[in-house]
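Undergrad: mmCIF, C-alpha atoms (C1' of nucleotides), saved as target04.cif, coming up:
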```cif
data_model
#
loop_
_atom_site.label_atom_id
_atom_site.label_comp_id
_atom_site.auth_asym_id
_atom_site.auth_seq_id
_atom_site.Cartn_x
_atom_site.Cartn_y
_atom_site.Cartn_z
CA MET S 1 86.08 57.07 119.18
CA THR S 2 83.72 59.29 117.30
CA THR S 3 85.12 62.59 118.49
CA HIS S 4 88.61 61.79 117.37
CA ASN S 5 89.36 63.18 113.98
CA ILE S 6 92.73 63.27 112.28
CA ASN S 7 91.49 65.35 109.38
CA PRO S 8 92.77 68.89 109.91
CA ASP S 9 89.89 70.26 107.86
CA ALA S 10 87.48 68.81 110.36
CA ALA S 11 89.23 70.51 113.25
CA LEU S 12 89.25 73.81 111.43
CA ALA S 13 85.64 73.35 110.39
CA SER S 14 84.66 73.01 114.04
CA ARG S 15 86.63 76.06 114.91
CA LEU S 16 84.88 78.08 112.23
CA ARG S 17 81.47 76.82 113.24
CA ALA S 18 82.24 77.70 116.84
CA SER S 19 82.79 81.26 115.65
CA GLY S 20 79.61 81.32 113.66
CA ILE S 21 81.26 80.90 110.29
CA THR S 22 80.01 78.41 107.72
CA PRO S 23 83.01 76.27 106.80
CA THR S 24 83.05 76.43 103.02
CA GLN S 25 85.81 75.03 100.84
CA ARG S 26 87.39 78.43 100.28
CA ARG S 27 87.30 79.42 103.92
CA LEU S 28 88.83 76.11 104.94
CA HIS S 29 91.56 76.52 102.39
CA ILE S 30 92.37 80.06 103.48
CA GLY S 31 92.07 79.05 107.13
CA GLN S 32 94.40 76.06 106.75
CA PHE S 33 97.00 78.33 105.31
CA LEU S 34 96.59 81.15 107.81
CA PHE S 35 96.36 79.16 111.00
CA SER S 36 99.17 76.73 110.34
CA LYS S 37 101.47 79.14 112.14
CA LEU S 38 101.72 82.69 113.49
CA ARG S 39 101.80 85.10 110.61
CA HIS S 40 101.57 88.74 109.71
CA LEU S 41 100.42 88.95 106.14
CA SER S 42 98.83 91.48 103.83
CA ALA S 43 95.66 90.60 101.93
CA ASP S 44 97.77 90.48 98.82
CA GLN S 45 100.21 88.00 100.32
CA VAL S 46 97.36 85.81 101.43
CA PHE S 47 95.91 85.93 97.94
CA ASP S 48 99.22 84.90 96.38
CA GLN S 49 99.98 82.08 98.80
CA VAL S 50 96.51 80.67 98.72
CA ASN S 51 96.67 80.41 94.94
CA ARG S 52 100.07 78.73 94.84
CA ASN S 53 98.74 75.27 94.25
CA SER S 54 95.85 73.92 92.28
CA GLU S 55 93.28 75.68 94.39
CA ARG S 56 91.83 78.89 93.01
CA VAL S 57 90.48 81.63 95.26
CA SER S 58 89.47 85.02 93.95
CA GLN S 59 90.57 88.34 95.37
CA ALA S 60 87.02 89.16 96.39
CA THR S 61 86.80 85.96 98.41
CA VAL S 62 90.15 86.56 100.07
CA TYR S 63 89.06 90.04 101.13
CA ASN S 64 85.65 88.86 102.24
CA THR S 65 87.11 85.98 104.20
CA LEU S 66 89.74 88.07 105.92
CA SER S 67 87.13 90.63 106.94
CA LEU S 68 84.87 87.88 108.19
CA PHE S 69 87.66 86.29 110.22
CA VAL S 70 88.51 89.67 111.73
CA GLU S 71 84.87 90.36 112.53
CA LYS S 72 84.56 86.98 114.22
CA GLY S 73 87.76 87.42 116.17
CA LEU S 74 89.93 84.78 114.49
CA LEU S 75 92.35 87.36 113.16
CA HIS S 76 93.48 90.82 114.11
CA GLN S 77 93.90 93.58 111.62
CA ILE S 78 97.04 95.64 112.23
CA VAL S 79 97.31 98.97 110.47
CA VAL S 80 100.81 100.34 110.22
CA ASP S 81 99.97 102.95 107.66
CA PRO S 82 97.31 103.28 104.99
CA SER S 83 99.15 101.04 102.57
CA LYS S 84 100.47 98.62 105.20
CA VAL S 85 97.63 96.57 106.56
CA PHE S 86 98.42 93.20 108.09
CA TYR S 87 96.37 90.27 109.29
CA ASP S 88 97.78 88.71 112.41
CA THR S 89 97.00 85.12 113.34
CA ASN S 90 98.30 85.51 116.87
CA PRO S 91 95.13 85.45 118.94
CA SER S 92 96.66 86.70 122.19
CA LYS S 93 96.85 90.30 123.23
CA HIS S 94 100.14 91.76 122.16
CA HIS S 95 101.85 94.62 120.40
CA HIS S 96 104.22 94.96 117.47
CA PHE S 97 107.59 95.94 116.18
CA TYR S 98 107.50 97.36 112.71
CA TYR S 99 110.75 97.29 110.76
CA VAL S 100 110.55 100.42 108.66
CA ASP S 101 113.29 99.34 106.28
CA THR S 102 111.98 95.89 105.46
CA GLY S 103 108.25 96.41 106.01
CA ILE S 104 108.13 93.42 108.33
CA LEU S 105 105.81 93.34 111.31
CA GLU S 106 106.73 91.23 114.32
CA ASP S 107 105.09 90.40 117.62
CA ILE S 108 106.28 91.80 120.90
CA PRO S 109 105.63 89.07 123.43
CA THR S 110 102.49 89.83 125.40
CA ASN S 111 103.54 90.67 128.85
CA GLN S 112 106.86 92.32 128.26
CA ILE S 113 105.30 95.68 127.60
CA GLU S 114 103.42 97.62 130.23
CA ILE S 115 101.63 100.91 130.10
CA ASN S 116 101.34 103.01 133.22
CA ASN S 117 99.58 106.21 134.03
CA LEU S 118 96.95 105.49 131.52
CA PRO S 119 95.03 108.71 131.69
CA GLU S 120 91.51 108.65 133.00
CA LEU S 121 89.14 107.98 130.22
CA PRO S 122 86.79 110.81 129.38
CA SER S 123 83.39 110.31 130.98
CA ASP S 124 80.83 108.22 129.13
CA THR S 125 83.50 106.30 127.30
CA LEU S 126 84.65 102.72 127.43
CA PHE S 127 88.10 101.46 126.77
CA GLY S 128 88.11 99.88 123.31
CA GLY S 129 91.67 98.64 123.08
CA VAL S 130 95.16 100.02 122.55
CA ASN S 131 97.34 99.69 119.53
CA ILE S 132 101.03 100.03 120.09
CA ILE S 133 103.40 99.84 117.18
CA ILE S 134 107.07 100.46 117.83
CA GLN S 135 108.90 101.51 114.72
CA LEU S 136 112.44 100.25 114.30
CA ARG S 137 115.11 101.38 111.88
CA LYS S 138 118.44 99.96 110.83
CA ALA S 139 121.20 100.89 113.25
CA MET A 1 113.10 147.85 115.02
CA THR A 2 113.84 145.77 111.99
CA THR A 3 113.32 142.38 113.54
CA HIS A 4 109.88 143.18 114.79
CA ASN A 5 107.21 142.11 112.40
CA ILE A 6 103.52 142.09 113.02
CA ASN A 7 102.74 140.32 109.79
CA PRO A 8 101.91 136.73 110.64
CA ASP A 9 102.95 135.62 107.17
CA ALA A 10 106.45 136.83 107.87
CA ALA A 11 106.67 134.80 111.06
CA LEU A 12 105.41 131.72 109.31
CA ALA A 13 107.72 132.32 106.37
CA SER A 14 110.70 132.30 108.73
CA ARG A 15 109.46 129.15 110.32
CA LEU A 16 109.14 127.44 106.96
CA ARG A 17 112.58 128.65 105.85
CA ALA A 18 114.04 127.37 109.10
CA SER A 19 112.71 123.95 108.14
CA GLY A 20 114.09 124.15 104.64
CA ILE A 21 110.76 124.92 102.98
CA THR A 22 110.40 127.70 100.41
CA PRO A 23 107.54 129.84 101.67
CA THR A 24 105.26 130.11 98.67
CA GLN A 25 101.82 131.67 98.70
CA ARG A 26 100.05 128.34 98.87
CA ARG A 27 102.22 126.99 101.64
CA LEU A 28 101.78 130.13 103.68
CA HIS A 29 98.05 129.97 103.23
CA ILE A 30 97.87 126.32 104.25
CA GLY A 31 100.32 126.93 107.08
CA GLN A 32 98.37 129.91 108.46
CA PHE A 33 95.31 127.78 108.64
CA LEU A 34 96.99 124.71 110.13
CA PHE A 35 99.17 126.35 112.72
CA SER A 36 96.63 128.81 114.09
CA LYS A 37 95.74 126.19 116.67
CA LEU A 38 96.12 122.52 117.59
CA ARG A 39 94.24 120.41 115.12
CA HIS A 40 93.70 116.89 113.91
CA LEU A 41 92.49 117.09 110.36
CA SER A 42 92.25 114.83 107.34
CA ALA A 43 93.71 115.95 104.02
CA ASP A 44 90.19 116.36 102.81
CA GLN A 45 89.24 118.64 105.68
CA VAL A 46 92.32 120.74 105.07
CA PHE A 47 91.40 121.02 101.41
CA ASP A 48 87.88 122.17 102.22
CA GLN A 49 88.85 124.70 104.87
CA VAL A 50 91.67 126.15 102.86
CA ASN A 51 89.31 126.81 99.96
CA ARG A 52 86.62 128.45 102.05
CA ASN A 53 87.49 132.00 101.10
CA SER A 54 88.74 133.59 97.93
CA GLU A 55 91.97 131.63 97.92
CA ARG A 56 92.14 128.59 95.67
CA VAL A 57 94.42 125.65 96.42
CA SER A 58 94.29 122.41 94.44
CA GLN A 59 94.06 118.96 95.93
CA ALA A 60 97.46 118.08 94.58
CA THR A 61 99.00 121.05 96.36
CA VAL A 62 97.26 120.24 99.61
CA TYR A 63 98.58 116.67 99.48
CA ASN A 64 102.05 117.78 98.45
CA THR A 65 102.19 120.41 101.15
CA LEU A 66 100.97 118.12 103.90
CA SER A 67 103.55 115.50 102.92
CA LEU A 68 106.26 118.13 102.83
CA PHE A 69 105.31 119.46 106.25
CA VAL A 70 105.34 115.93 107.66
CA GLU A 71 108.70 115.19 106.07
CA LYS A 72 110.13 118.39 107.53
CA GLY A 73 108.71 117.70 110.95
CA LEU A 74 106.11 120.48 111.14
CA LEU A 75 103.23 118.01 111.29
CA HIS A 76 102.69 114.47 112.40
CA GLN A 77 100.74 111.98 110.42
CA ILE A 78 98.48 109.83 112.59
CA VAL A 79 97.07 106.70 111.01
CA VAL A 80 94.04 105.27 112.74
CA ASP A 81 93.11 103.00 109.88
CA PRO A 82 93.62 103.08 106.15
CA SER A 83 90.77 105.48 105.57
CA LYS A 84 91.39 107.52 108.73
CA VAL A 85 94.58 109.48 108.32
CA PHE A 86 95.03 112.66 110.32
CA TYR A 87 97.54 115.48 110.33
CA ASP A 88 98.34 116.69 113.81
CA THR A 89 99.70 120.18 114.40
CA ASN A 90 100.76 119.43 117.97
CA PRO A 91 104.53 119.31 117.72
CA SER A 92 105.18 117.73 121.11
CA LYS A 93 105.47 114.04 121.72
CA HIS A 94 102.13 112.63 122.69
CA HIS A 95 99.59 109.93 122.02
CA HIS A 96 95.94 109.83 121.09
CA PHE A 97 92.45 108.89 121.99
CA TYR A 98 90.35 107.83 119.05
CA TYR A 99 86.60 108.02 119.47
CA VAL A 100 85.37 105.13 117.40
CA ASP A 101 81.80 106.37 117.28
CA THR A 102 82.50 109.92 116.16
CA GLY A 103 85.76 109.46 114.28
CA ILE A 104 87.39 112.20 116.34
CA LEU A 105 91.04 112.02 117.31
CA GLU A 106 92.19 113.80 120.45
CA ASP A 107 95.53 114.34 122.17
CA ILE A 108 96.46 112.59 125.36
CA PRO A 109 98.55 115.09 127.28
CA THR A 110 102.21 114.32 126.86
CA ASN A 111 103.43 113.03 130.12
CA GLN A 112 100.38 111.31 131.45
CA ILE A 113 101.13 108.11 129.66
CA GLU A 114 104.16 106.02 130.40
CA ILE A 115 105.42 102.81 128.90
CA ASN A 116 107.49 100.44 130.96
CA ASN A 117 109.23 97.21 130.24
CA LEU A 118 109.83 98.23 126.73
CA PRO A 119 111.40 95.05 125.42
CA GLU A 120 114.98 95.13 124.34
CA LEU A 121 115.21 96.16 120.77
CA PRO A 122 116.52 93.52 118.40
CA SER A 123 120.19 94.02 117.66
CA ASP A 124 121.16 96.38 114.86
CA THR A 125 117.99 98.36 115.23
CA LEU A 126 117.25 101.85 116.41
CA PHE A 127 114.14 103.04 118.11
CA GLY A 128 112.11 104.93 115.53
CA GLY A 129 109.13 106.04 117.58
CA VAL A 130 106.01 104.59 119.13
CA ASN A 131 102.45 105.13 118.11
CA ILE A 132 99.85 104.61 120.74
CA ILE A 133 96.22 105.03 119.89
CA ILE A 134 93.66 104.24 122.55
CA GLN A 135 90.30 103.48 121.09
CA LEU A 136 87.26 104.68 123.02
CA ARG A 137 83.65 103.74 122.61
CA LYS A 138 80.41 105.19 123.94
CA ALA A 139 79.62 103.92 127.41
"C1'" DG G 1 116.11 133.14 82.74
"C1'" DT G 2 116.09 129.09 85.56
"C1'" DC G 3 114.30 126.05 88.73
"C1'" DA G 4 110.76 125.00 91.88
"C1'" DG G 5 105.77 125.07 92.70
"C1'" DT G 6 101.00 124.53 91.11
"C1'" DG G 7 96.57 123.03 88.80
"C1'" DC G 8 94.25 119.87 86.18
"C1'" DA G 9 92.89 115.54 84.97
"C1'" DA G 10 94.25 111.07 84.41
"C1'" DA G 11 96.35 107.23 86.60
"C1'" DC G 12 96.94 104.32 90.64
"C1'" DC G 13 96.47 101.12 94.39
"C1'" DC G 14 93.89 98.72 97.36
"C1'" DT G 15 89.46 97.41 98.57
"C1'" DT G 16 84.48 96.91 97.88
"C1'" DT G 17 80.39 95.95 95.19
"C1'" DG G 18 76.76 94.07 91.80
"C1'" DC G 19 75.36 90.41 89.68
"C1'" DA G 20 75.03 85.78 87.67
"C1'" DG G 21 76.42 81.12 88.46
"C1'" DA G 22 77.91 77.43 92.05
"C1'" DA G 23 77.85 75.27 96.50
"C1'" DA G 24 75.90 74.38 101.22
"C1'" DG G 25 72.38 72.27 103.85
"C1'" DC X 1 64.91 74.24 96.92
"C1'" DT X 2 66.52 78.19 99.37
"C1'" DT X 3 70.12 80.63 101.08
"C1'" DT X 4 74.74 81.73 101.25
"C1'" DC X 5 79.12 81.89 98.86
"C1'" DT X 6 82.06 82.79 95.00
"C1'" DG X 7 84.19 84.78 90.77
"C1'" DC X 8 84.44 88.24 87.62
"C1'" DA X 9 84.88 92.66 86.32
"C1'" DA X 10 83.53 97.13 87.18
"C1'" DA X 11 83.26 100.84 90.56
"C1'" DG X 12 84.98 103.33 94.55
"C1'" DG X 13 87.81 106.32 97.63
"C1'" DG X 14 91.79 108.40 98.75
"C1'" DT X 15 96.30 109.62 97.04
"C1'" DT X 16 99.87 110.27 93.49
"C1'" DT X 17 101.59 111.52 89.00
"C1'" DG X 18 102.59 113.76 84.22
"C1'" DC X 19 102.65 117.67 82.04
"C1'" DA X 20 102.09 122.45 80.77
"C1'" DC X 21 101.68 126.85 83.06
"C1'" DT X 22 102.95 130.13 86.87
"C1'" DG X 23 105.64 132.03 90.37
"C1'" DA X 24 110.00 132.60 93.18
"C1'" DC X 25 114.31 134.73 93.09
#
```
Take the structure in the file and write it out as structure tokens.
TA:
Amino acid sequence: MTTHNINPDAALASRLRASGITPTQRRLHIGQFLFSKLRHLSADQVFDQVNRNSERVSQATVYNTLSLFVEKGLLHQIVVDPSKVFYDTNPSKHHHFYYVDTGILEDIPTNQIEINNLPELPSDTLFGGVNIIIQLRKA
Amino acid sequence: MTTHNINPDAALASRLRASGITPTQRRLHIGQFLFSKLRHLSADQVFDQVNRNSERVSQATVYNTLSLFVEKGLLHQIVVDPSKVFYDTNPSKHHHFYYVDTGILEDIPTNQIEINNLPELPSDTLFGGVNIIIQLRKA
DNA sequence: GTCAGTGCAAACCCTTTGCAGAAAG
DNA sequence: CTTTCTGCAAAGGGTTTGCACTGAC
């Protein structure tokens, strides 16, 4: 069967193409790493991990690729504070716990949280999303 | 009456002392400007405004003072994204609208918004606050 | 007089950019 | 072959820091 393909790169390549991204070697390599599980990583962490093995990817390419993936909707960028920016591979709508002491960001399962009495939006405006980050500290 | 004082600096000085801040000239000057009304300003905007008249305050002092005021609870720091950090003089608990197109941050009145089904916090953690920023775009 | 606060300029961190060489199609 | 991508290193923006001077008390 021609549509069956056991090469994970091929699957990812299709996914990238479907999002309008040319599947280059570097992007496939970064993508394989990112999308192998749900993650919350900084650009720096991605850079380190992606250069663990023989493969070599520059900082510029890591930044460019992450921005591109965000722009095309494959990743979400989560800003905790100016020096804490994470890239989240969980594609579903959800919010986050941020552990202040450890600097770890964690998903809050989608539908647990619920916002009521959302104020009326000012006229001539459209809802563009909500970011909710719940900060947690050691007990 | 000895406790009556029409000098606004004196009132602010007491306020700063009450928060454990030595009321220096620079801090009073920055404080007078900030606390004269509800504001959402970047460090840069504070620097500009505070240097409008004869008074001269360095960048370092503006940054130090803003951090000190945040640490002592007189201001809140609102992070929209890494290059959009605001200092909010509204002391009450509230959330924000962020106008993506204009870069303006605006308060959502305190009690309008309501979060339900807050998930149980992981064990050994304390609630450390929630940040909610609702992004708005032009209709 | 002592300790904290301030200004200046340099240092910093993270991210972006310019440009020449490499890869995609 | 043409266009897009990539690496390198330099530049950029916003914030912090080191140090000598000034001000608070």
Undergrad: CA of Leu74 (chain S) to CA of Ser19 (chain S): how many Å, to one decimal?
TA: 8.0 Å
Undergrad: Restrict the distance test to only C-alpha atoms (C1' of nucleotides), flag each residue of chain S within 10 Å of chain X, and return the flagged residues as a list in words.
TA: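 Residues passing the distance filter: Thr22, Thr24, Gln25, Arg26, Arg27, Arg56, Val57, Ser58, Gln59, Ala60, Thr61 and Pro82 of chain S.
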Undergrad: Could you tell me which residues of chain S sit within 7 Å of chain A when counting all atoms listed in the file, and give me the result as a PyMOL selection string?
TA: chain S and resi 79+81-83+112-119+124-139
Undergrad: Compute the set of chain G residues within 8 Å of chain A, using all atoms listed in the file, and express it as a list in words.
TA: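 Per the criterion, chain G yields DG5, DT6 and DG7 of chain G.
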Undergrad: For the structure shown, which residues end up in the PyMOL selection byres ((chain A and resi 29) around 12)? Put them as a PyMOL selection string, please?
TA: chain A and resi 8-10+12-13+16+23-28+30-36+46-47+49-57+61-62+65
Undergrad: One decimal, in Å: what's the spacing between C1' of DG25 (chain G) and CA of Ala11 (chain S)?
TA: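 Interatomic distance here is 19.4 Å.
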Undergrad: Report, in Å with one decimal, the straight-line distance from CA of Ile104 (chain A) to CA of Phe69 (chain A).
TA: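 For CA of Ile104 (chain A) relative to CA of Phe69 (chain A), the distance reads 21.8 Å.
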Undergrad: Taking all atoms of region 46-64 of chain A that appear in the file, build a box with edges along x, y and z, extend it by 8 Å on every side, and state its centre and edge lengths in Å to one decimal, as lines of an AutoDock Vina configuration file.
TA:
```
center_x = 94.3
center_y = 125.1
center_z = 99.8
size_x = 31.4
size_y = 32.9
size_z = 26.6
```
Undergrad: Excluding region 40-44 of chain S and residues on its chain fewer than 3 positions from it, collect all residues at most 7 Å away from it, counting all atoms listed in the file, and give them as a PDB file with C-alpha atoms, keeping the file's coordinate frame.
TA:
```
ATOM      1  CA  PHE S  47      95.910  85.930  97.940  1.00  0.00           C
ATOM      2  CA  ASP S  48      99.220  84.900  96.380  1.00  0.00           C
ATOM      3  CA  TYR S  63      89.060  90.040 101.130  1.00  0.00           C
ATOM      4  CA  VAL S  85      97.630  96.570 106.560  1.00  0.00           C
ATOM      5  CA  PHE S  86      98.420  93.200 108.090  1.00  0.00           C
ATOM      6  CA  TYR S  87      96.370  90.270 109.290  1.00  0.00           C
ATOM      7  CA  ASP S  88      97.780  88.710 112.410  1.00  0.00           C
ATOM      8  CA  THR S  89      97.000  85.120 113.340  1.00  0.00           C
ATOM      9  CA  LEU S 105     105.810  93.340 111.310  1.00  0.00           C
TER      10      LEU S 105
END
```
